[in-house]
Amino acid sequence: MSITIRPAVREDCTRLMELVRELAEFEKAPHEVTVDPVHFAESGFGENPVWWAFVAEVPSGTNGAKEIVAFALYYIRYSTWKGQRMYLEDIIVTKAWRGRGIGKLLLDRLVEEARAKKFTGMMWQVLDWNEPAIQFYKKYNAQFDAGWVNCNVNF
């Protein structure tokens, strides 16, 4: 199977939002997805983008069409201790395509991008019950920060 990893484009946003909703279902929080699709697209492809993404495509059908089966979305986080770091907001592989190495292809591409942009590292979060993801990240020698508590304020 030929898998292509490429930068996301605005036209991908509808499919990306479908995958976001699939992830929310997996994480048992579909009601938490409240982002407006127009705002989502503008935030990635408007005049001042705040996120970037890579998509994984596979051939779909016989007419040369391709289907996005996964994506990884990141933004730049600044650390007063470390400088610019890549923050991986989400890496999503649709259920039917998990276990085929697509997540590894995406994460490897993110590492390549972070190094090319001279970021000092990459950060992300993983739910403590998502054992498959935890085991995947351990293959990259990821460090898990047990001493930190996530905080947020919603508006």
# chains A, B, ... in the order shown; residues from 1 in each chain; ligands from 1
call {"tool": "select_by_dssp", "arguments": {"residues": "region 36-136 of chain A", "states": "strand (DSSP E)", "output": "ChimeraX atom specification"}}
result
/A:52-59,66-79,83-93,122-123
call {"tool": "atom_distance", "arguments": {"atom1": "CA of Gly121 (chain A)", "atom2": "CA of Leu105 (chain A)"}}
result
17.8 Å
call {"tool": "closest_residue", "arguments": {"among": "A:Val111, A:Lys66, A:Leu19, A:Pro59", "to": "Asp90 (chain A)", "atoms": "only C-alpha atoms"}}
result
A:Leu19
call {"tool": "atom_distance", "arguments": {"atom1": "CA of Ile5 (chain A)", "atom2": "CA of Ala53 (chain A)"}}
result
10.2 Å
call {"tool": "residues_around", "arguments": {"residues": "Lys118 (chain A)", "least_positions_apart": "6", "cutoff": "10 Å", "atoms": "only C-alpha atoms", "output": "list of chain:residue names"}}
result
A:Gly83, A:Gln84, A:Arg85, A:Met86, A:Glu112
call {"tool": "write_last_selection", "arguments": {"atoms": "all heavy atoms", "output": "PDB file, in the first residue's frame"}}
result
ATOM      1  N   GLY A  83      13.136  27.535  24.700  1.00  0.00           N
ATOM      2  CA  GLY A  83      12.966  28.204  23.413  1.00  0.00           C
ATOM      3  C   GLY A  83      11.796  27.624  22.646  1.00  0.00           C
ATOM      4  O   GLY A  83      10.865  27.069  23.232  1.00  0.00           O
ATOM      5  N   GLN A  84      11.840  27.729  21.318  1.00  0.00           N
ATOM      6  CA  GLN A  84      10.731  27.252  20.484  1.00  0.00           C
ATOM      7  C   GLN A  84      10.699  25.728  20.449  1.00  0.00           C
ATOM      8  O   GLN A  84      11.710  25.081  20.180  1.00  0.00           O
ATOM      9  CB  GLN A  84      10.851  27.789  19.061  1.00  0.00           C
ATOM     10  CG  GLN A  84      10.537  29.256  18.957  1.00  0.00           C
ATOM     11  CD  GLN A  84      10.480  29.717  17.513  1.00  0.00           C
ATOM     12  OE1 GLN A  84      10.738  28.969  16.583  1.00  0.00           O
ATOM     13  NE2 GLN A  84      10.146  30.985  17.322  1.00  0.00           N
ATOM     14  N   ARG A  85       9.504  25.206  20.685  1.00  0.00           N
ATOM     15  CA  ARG A  85       9.294  23.756  20.663  1.00  0.00           C
ATOM     16  C   ARG A  85       8.037  23.454  19.861  1.00  0.00           C
ATOM     17  O   ARG A  85       7.105  24.243  19.835  1.00  0.00           O
ATOM     18  CB  ARG A  85       9.156  23.218  22.090  1.00  0.00           C
ATOM     19  CG  ARG A  85      10.414  23.500  22.913  1.00  0.00           C
ATOM     20  CD  ARG A  85      10.309  23.115  24.345  1.00  0.00           C
ATOM     21  NE  ARG A  85      10.271  21.687  24.615  1.00  0.00           N
ATOM     22  CZ  ARG A  85      11.318  20.876  24.595  1.00  0.00           C
ATOM     23  NH1 ARG A  85      12.510  21.338  24.290  1.00  0.00           N
ATOM     24  NH2 ARG A  85      11.192  19.601  24.888  1.00  0.00           N
ATOM     25  N   MET A  86       8.025  22.335  19.214  1.00  0.00           N
ATOM     26  CA  MET A  86       6.840  21.894  18.495  1.00  0.00           C
ATOM     27  C   MET A  86       5.872  21.319  19.522  1.00  0.00           C
ATOM     28  O   MET A  86       6.264  20.512  20.360  1.00  0.00           O
ATOM     29  CB  MET A  86       7.196  20.832  17.458  1.00  0.00           C
ATOM     30  CG  MET A  86       5.979  20.281  16.715  1.00  0.00           C
ATOM     31  SD  MET A  86       6.424  18.998  15.516  1.00  0.00           S
ATOM     32  CE  MET A  86       7.014  19.998  14.160  1.00  0.00           C
ATOM     33  N   GLU A 112      11.290  15.359  11.753  1.00  0.00           N
ATOM     34  CA  GLU A 112      12.067  15.954  10.661  1.00  0.00           C
ATOM     35  C   GLU A 112      11.759  17.455  10.538  1.00  0.00           C
ATOM     36  O   GLU A 112      12.667  18.275  10.400  1.00  0.00           O
ATOM     37  CB  GLU A 112      11.707  15.220   9.369  1.00  0.00           C
ATOM     38  CG  GLU A 112      12.431  15.652   8.140  1.00  0.00           C
ATOM     39  CD  GLU A 112      11.942  14.867   6.925  1.00  0.00           C
ATOM     40  OE1 GLU A 112      11.925  13.622   6.975  1.00  0.00           O
ATOM     41  OE2 GLU A 112      11.563  15.517   5.930  1.00  0.00           O
TER      42      GLU A 112
END
call {"tool": "closest_residue", "arguments": {"among": "A:Glu42, A:Asp108, A:Val149, A:Lys82", "to": "Gln125 (chain A)", "atoms": "only C-alpha atoms"}}
result
A:Val149
call {"tool": "atom_distance", "arguments": {"atom1": "CA of Phe26 (chain A)", "atom2": "CA of Gly46 (chain A)"}}
result
29.3 Å
call {"tool": "select_by_dssp", "arguments": {"residues": "region 12-154 of chain A", "states": "alpha helix (DSSP H)", "output": "PDB file with N, CA and C atoms, in the first residue's frame"}}
result
ATOM      1  N   CYS A  13      -9.520  20.474   5.156  1.00  0.00           N
ATOM      2  CA  CYS A  13     -10.101  20.777   6.470  1.00  0.00           C
ATOM      3  C   CYS A  13     -11.381  20.013   6.782  1.00  0.00           C
ATOM      4  N   THR A  14     -12.234  19.801   5.796  1.00  0.00           N
ATOM      5  CA  THR A  14     -13.464  19.051   6.059  1.00  0.00           C
ATOM      6  C   THR A  14     -13.121  17.645   6.546  1.00  0.00           C
ATOM      7  N   ARG A  15     -12.191  16.990   5.863  1.00  0.00           N
ATOM      8  CA  ARG A  15     -11.789  15.635   6.269  1.00  0.00           C
ATOM      9  C   ARG A  15     -11.071  15.663   7.620  1.00  0.00           C
ATOM     10  N   LEU A  16     -10.250  16.665   7.849  1.00  0.00           N
ATOM     11  CA  LEU A  16      -9.559  16.758   9.133  1.00  0.00           C
ATOM     12  C   LEU A  16     -10.559  16.863  10.275  1.00  0.00           C
ATOM     13  N   MET A  17     -11.603  17.658  10.084  1.00  0.00           N
ATOM     14  CA  MET A  17     -12.626  17.788  11.123  1.00  0.00           C
ATOM     15  C   MET A  17     -13.368  16.466  11.342  1.00  0.00           C
ATOM     16  N   GLU A  18     -13.570  15.698  10.290  1.00  0.00           N
ATOM     17  CA  GLU A  18     -14.177  14.375  10.449  1.00  0.00           C
ATOM     18  C   GLU A  18     -13.306  13.492  11.338  1.00  0.00           C
ATOM     19  N   LEU A  19     -12.002  13.556  11.115  1.00  0.00           N
ATOM     20  CA  LEU A  19     -11.077  12.764  11.929  1.00  0.00           C
ATOM     21  C   LEU A  19     -11.029  13.278  13.365  1.00  0.00           C
ATOM     22  N   VAL A  20     -11.118  14.582  13.551  1.00  0.00           N
ATOM     23  CA  VAL A  20     -11.172  15.151  14.900  1.00  0.00           C
ATOM     24  C   VAL A  20     -12.391  14.602  15.639  1.00  0.00           C
ATOM     25  N   ARG A  21     -13.519  14.566  14.962  1.00  0.00           N
ATOM     26  CA  ARG A  21     -14.736  14.036  15.588  1.00  0.00           C
ATOM     27  C   ARG A  21     -14.584  12.548  15.906  1.00  0.00           C
ATOM     28  N   GLU A  22     -13.912  11.811  15.037  1.00  0.00           N
ATOM     29  CA  GLU A  22     -13.660  10.392  15.309  1.00  0.00           C
ATOM     30  C   GLU A  22     -12.793  10.244  16.549  1.00  0.00           C
ATOM     31  N   LEU A  23     -11.765  11.079  16.682  1.00  0.00           N
ATOM     32  CA  LEU A  23     -10.920  11.037  17.875  1.00  0.00           C
ATOM     33  C   LEU A  23     -11.731  11.363  19.123  1.00  0.00           C
ATOM     34  N   ALA A  24     -12.592  12.369  19.032  1.00  0.00           N
ATOM     35  CA  ALA A  24     -13.419  12.747  20.183  1.00  0.00           C
ATOM     36  C   ALA A  24     -14.322  11.585  20.601  1.00  0.00           C
ATOM     37  N   GLU A  25     -14.856  10.856  19.646  1.00  0.00           N
ATOM     38  CA  GLU A  25     -15.663   9.671  19.965  1.00  0.00           C
ATOM     39  C   GLU A  25     -14.805   8.637  20.694  1.00  0.00           C
ATOM     40  N   PHE A  26     -13.596   8.391  20.178  1.00  0.00           N
ATOM     41  CA  PHE A  26     -12.673   7.439  20.784  1.00  0.00           C
ATOM     42  C   PHE A  26     -12.352   7.833  22.223  1.00  0.00           C
ATOM     43  N   PRO A  37     -15.993  24.969  11.898  1.00  0.00           N
ATOM     44  CA  PRO A  37     -15.159  24.552  10.761  1.00  0.00           C
ATOM     45  C   PRO A  37     -14.508  25.719  10.010  1.00  0.00           C
ATOM     46  N   VAL A  38     -15.207  26.841   9.893  1.00  0.00           N
ATOM     47  CA  VAL A  38     -14.623  28.008   9.226  1.00  0.00           C
ATOM     48  C   VAL A  38     -13.455  28.548  10.051  1.00  0.00           C
ATOM     49  N   HIS A  39     -13.650  28.626  11.361  1.00  0.00           N
ATOM     50  CA  HIS A  39     -12.577  29.086  12.249  1.00  0.00           C
ATOM     51  C   HIS A  39     -11.385  28.129  12.184  1.00  0.00           C
ATOM     52  N   PHE A  40     -11.659  26.832  12.152  1.00  0.00           N
ATOM     53  CA  PHE A  40     -10.607  25.821  12.048  1.00  0.00           C
ATOM     54  C   PHE A  40      -9.765  26.062  10.801  1.00  0.00           C
ATOM     55  N   ALA A  41     -10.427  26.195   9.660  1.00  0.00           N
ATOM     56  CA  ALA A  41      -9.710  26.402   8.397  1.00  0.00           C
ATOM     57  C   ALA A  41      -8.939  27.714   8.405  1.00  0.00           C
ATOM     58  N   GLU A  42      -9.567  28.768   8.877  1.00  0.00           N
ATOM     59  CA  GLU A  42      -8.904  30.079   8.913  1.00  0.00           C
ATOM     60  C   GLU A  42      -7.695  30.058   9.842  1.00  0.00           C
ATOM     61  N   SER A  43      -7.792  29.313  10.923  1.00  0.00           N
ATOM     62  CA  SER A  43      -6.686  29.242  11.888  1.00  0.00           C
ATOM     63  C   SER A  43      -5.463  28.528  11.313  1.00  0.00           C
ATOM     64  N   GLY A  44      -5.689  27.670  10.338  1.00  0.00           N
ATOM     65  CA  GLY A  44      -4.572  26.969   9.716  1.00  0.00           C
ATOM     66  C   GLY A  44      -4.113  27.552   8.395  1.00  0.00           C
ATOM     67  N   PHE A  45      -5.024  28.246   7.706  1.00  0.00           N
ATOM     68  CA  PHE A  45      -4.695  28.676   6.349  1.00  0.00           C
ATOM     69  C   PHE A  45      -5.044  30.129   6.067  1.00  0.00           C
ATOM     70  N   ILE A 102       1.241   4.060  10.003  1.00  0.00           N
ATOM     71  CA  ILE A 102       0.960   5.426   9.556  1.00  0.00           C
ATOM     72  C   ILE A 102       1.310   6.436  10.646  1.00  0.00           C
ATOM     73  N   GLY A 103       1.002   6.113  11.892  1.00  0.00           N
ATOM     74  CA  GLY A 103       1.367   7.001  12.996  1.00  0.00           C
ATOM     75  C   GLY A 103       2.863   7.223  13.050  1.00  0.00           C
ATOM     76  N   LYS A 104       3.638   6.168  12.827  1.00  0.00           N
ATOM     77  CA  LYS A 104       5.100   6.295  12.820  1.00  0.00           C
ATOM     78  C   LYS A 104       5.559   7.195  11.680  1.00  0.00           C
ATOM     79  N   LEU A 105       4.974   7.031  10.505  1.00  0.00           N
ATOM     80  CA  LEU A 105       5.337   7.890   9.377  1.00  0.00           C
ATOM     81  C   LEU A 105       5.069   9.358   9.702  1.00  0.00           C
ATOM     82  N   LEU A 106       3.923   9.630  10.315  1.00  0.00           N
ATOM     83  CA  LEU A 106       3.586  11.005  10.665  1.00  0.00           C
ATOM     84  C   LEU A 106       4.514  11.550  11.750  1.00  0.00           C
ATOM     85  N   LEU A 107       4.756  10.758  12.793  1.00  0.00           N
ATOM     86  CA  LEU A 107       5.619  11.244  13.870  1.00  0.00           C
ATOM     87  C   LEU A 107       7.045  11.450  13.369  1.00  0.00           C
ATOM     88  N   ASP A 108       7.527  10.556  12.525  1.00  0.00           N
ATOM     89  CA  ASP A 108       8.858  10.736  11.945  1.00  0.00           C
ATOM     90  C   ASP A 108       8.919  12.019  11.116  1.00  0.00           C
ATOM     91  N   ARG A 109       7.847  12.315  10.371  1.00  0.00           N
ATOM     92  CA  ARG A 109       7.813  13.549   9.570  1.00  0.00           C
ATOM     93  C   ARG A 109       7.785  14.778  10.464  1.00  0.00           C
ATOM     94  N   LEU A 110       7.098  14.699  11.589  1.00  0.00           N
ATOM     95  CA  LEU A 110       7.081  15.810  12.546  1.00  0.00           C
ATOM     96  C   LEU A 110       8.466  16.048  13.141  1.00  0.00           C
ATOM     97  N   VAL A 111       9.163  14.984  13.487  1.00  0.00           N
ATOM     98  CA  VAL A 111      10.515  15.116  14.025  1.00  0.00           C
ATOM     99  C   VAL A 111      11.420  15.776  12.991  1.00  0.00           C
ATOM    100  N   GLU A 112      11.290  15.359  11.753  1.00  0.00           N
ATOM    101  CA  GLU A 112      12.067  15.954  10.661  1.00  0.00           C
ATOM    102  C   GLU A 112      11.759  17.455  10.538  1.00  0.00           C
ATOM    103  N   GLU A 113      10.489  17.807  10.610  1.00  0.00           N
ATOM    104  CA  GLU A 113      10.067  19.204  10.512  1.00  0.00           C
ATOM    105  C   GLU A 113      10.612  20.016  11.694  1.00  0.00           C
ATOM    106  N   ALA A 114      10.510  19.466  12.890  1.00  0.00           N
ATOM    107  CA  ALA A 114      10.989  20.169  14.086  1.00  0.00           C
ATOM    108  C   ALA A 114      12.490  20.426  13.997  1.00  0.00           C
ATOM    109  N   ARG A 115      13.221  19.457  13.524  1.00  0.00           N
ATOM    110  CA  ARG A 115      14.676  19.633  13.373  1.00  0.00           C
ATOM    111  C   ARG A 115      14.989  20.665  12.293  1.00  0.00           C
ATOM    112  N   ALA A 116      14.265  20.617  11.177  1.00  0.00           N
ATOM    113  CA  ALA A 116      14.495  21.566  10.086  1.00  0.00           C
ATOM    114  C   ALA A 116      14.216  22.998  10.538  1.00  0.00           C
ATOM    115  N   GLU A 131      -3.331   3.188  26.461  1.00  0.00           N
ATOM    116  CA  GLU A 131      -2.139   2.343  26.508  1.00  0.00           C
ATOM    117  C   GLU A 131      -1.486   2.117  25.138  1.00  0.00           C
ATOM    118  N   PRO A 132      -2.251   1.907  24.060  1.00  0.00           N
ATOM    119  CA  PRO A 132      -1.584   1.749  22.755  1.00  0.00           C
ATOM    120  C   PRO A 132      -0.754   2.983  22.386  1.00  0.00           C
ATOM    121  N   ALA A 133      -1.288   4.173  22.628  1.00  0.00           N
ATOM    122  CA  ALA A 133      -0.542   5.394  22.319  1.00  0.00           C
ATOM    123  C   ALA A 133       0.679   5.529  23.217  1.00  0.00           C
ATOM    124  N   ILE A 134       0.532   5.223  24.489  1.00  0.00           N
ATOM    125  CA  ILE A 134       1.663   5.307  25.426  1.00  0.00           C
ATOM    126  C   ILE A 134       2.781   4.378  24.967  1.00  0.00           C
ATOM    127  N   GLN A 135       2.437   3.156  24.601  1.00  0.00           N
ATOM    128  CA  GLN A 135       3.457   2.206  24.139  1.00  0.00           C
ATOM    129  C   GLN A 135       4.108   2.691  22.848  1.00  0.00           C
ATOM    130  N   PHE A 136       3.328   3.301  21.957  1.00  0.00           N
ATOM    131  CA  PHE A 136       3.865   3.866  20.716  1.00  0.00           C
ATOM    132  C   PHE A 136       4.882   4.954  21.037  1.00  0.00           C
ATOM    133  N   TYR A 137       4.536   5.883  21.932  1.00  0.00           N
ATOM    134  CA  TYR A 137       5.434   6.989  22.270  1.00  0.00           C
ATOM    135  C   TYR A 137       6.689   6.508  22.995  1.00  0.00           C
ATOM    136  N   LYS A 138       6.586   5.430  23.728  1.00  0.00           N
ATOM    137  CA  LYS A 138       7.758   4.891  24.419  1.00  0.00           C
ATOM    138  C   LYS A 138       8.824   4.443  23.419  1.00  0.00           C
TER     139      LYS A 138
END
call {"tool": "residues_around", "arguments": {"residues": "Trp52 (chain A)", "least_positions_apart": "4", "cutoff": "8 Å", "atoms": "only C-alpha atoms", "output": "MDAnalysis selection string"}}
result
chainID A and resid 7:8 44 73:75
call {"tool": "closest_residue", "arguments": {"among": "A:Val93, A:Ala146, A:Ile76, A:Val69", "to": "Phe119 (chain A)", "atoms": "only C-alpha atoms"}}
result
A:Ile76
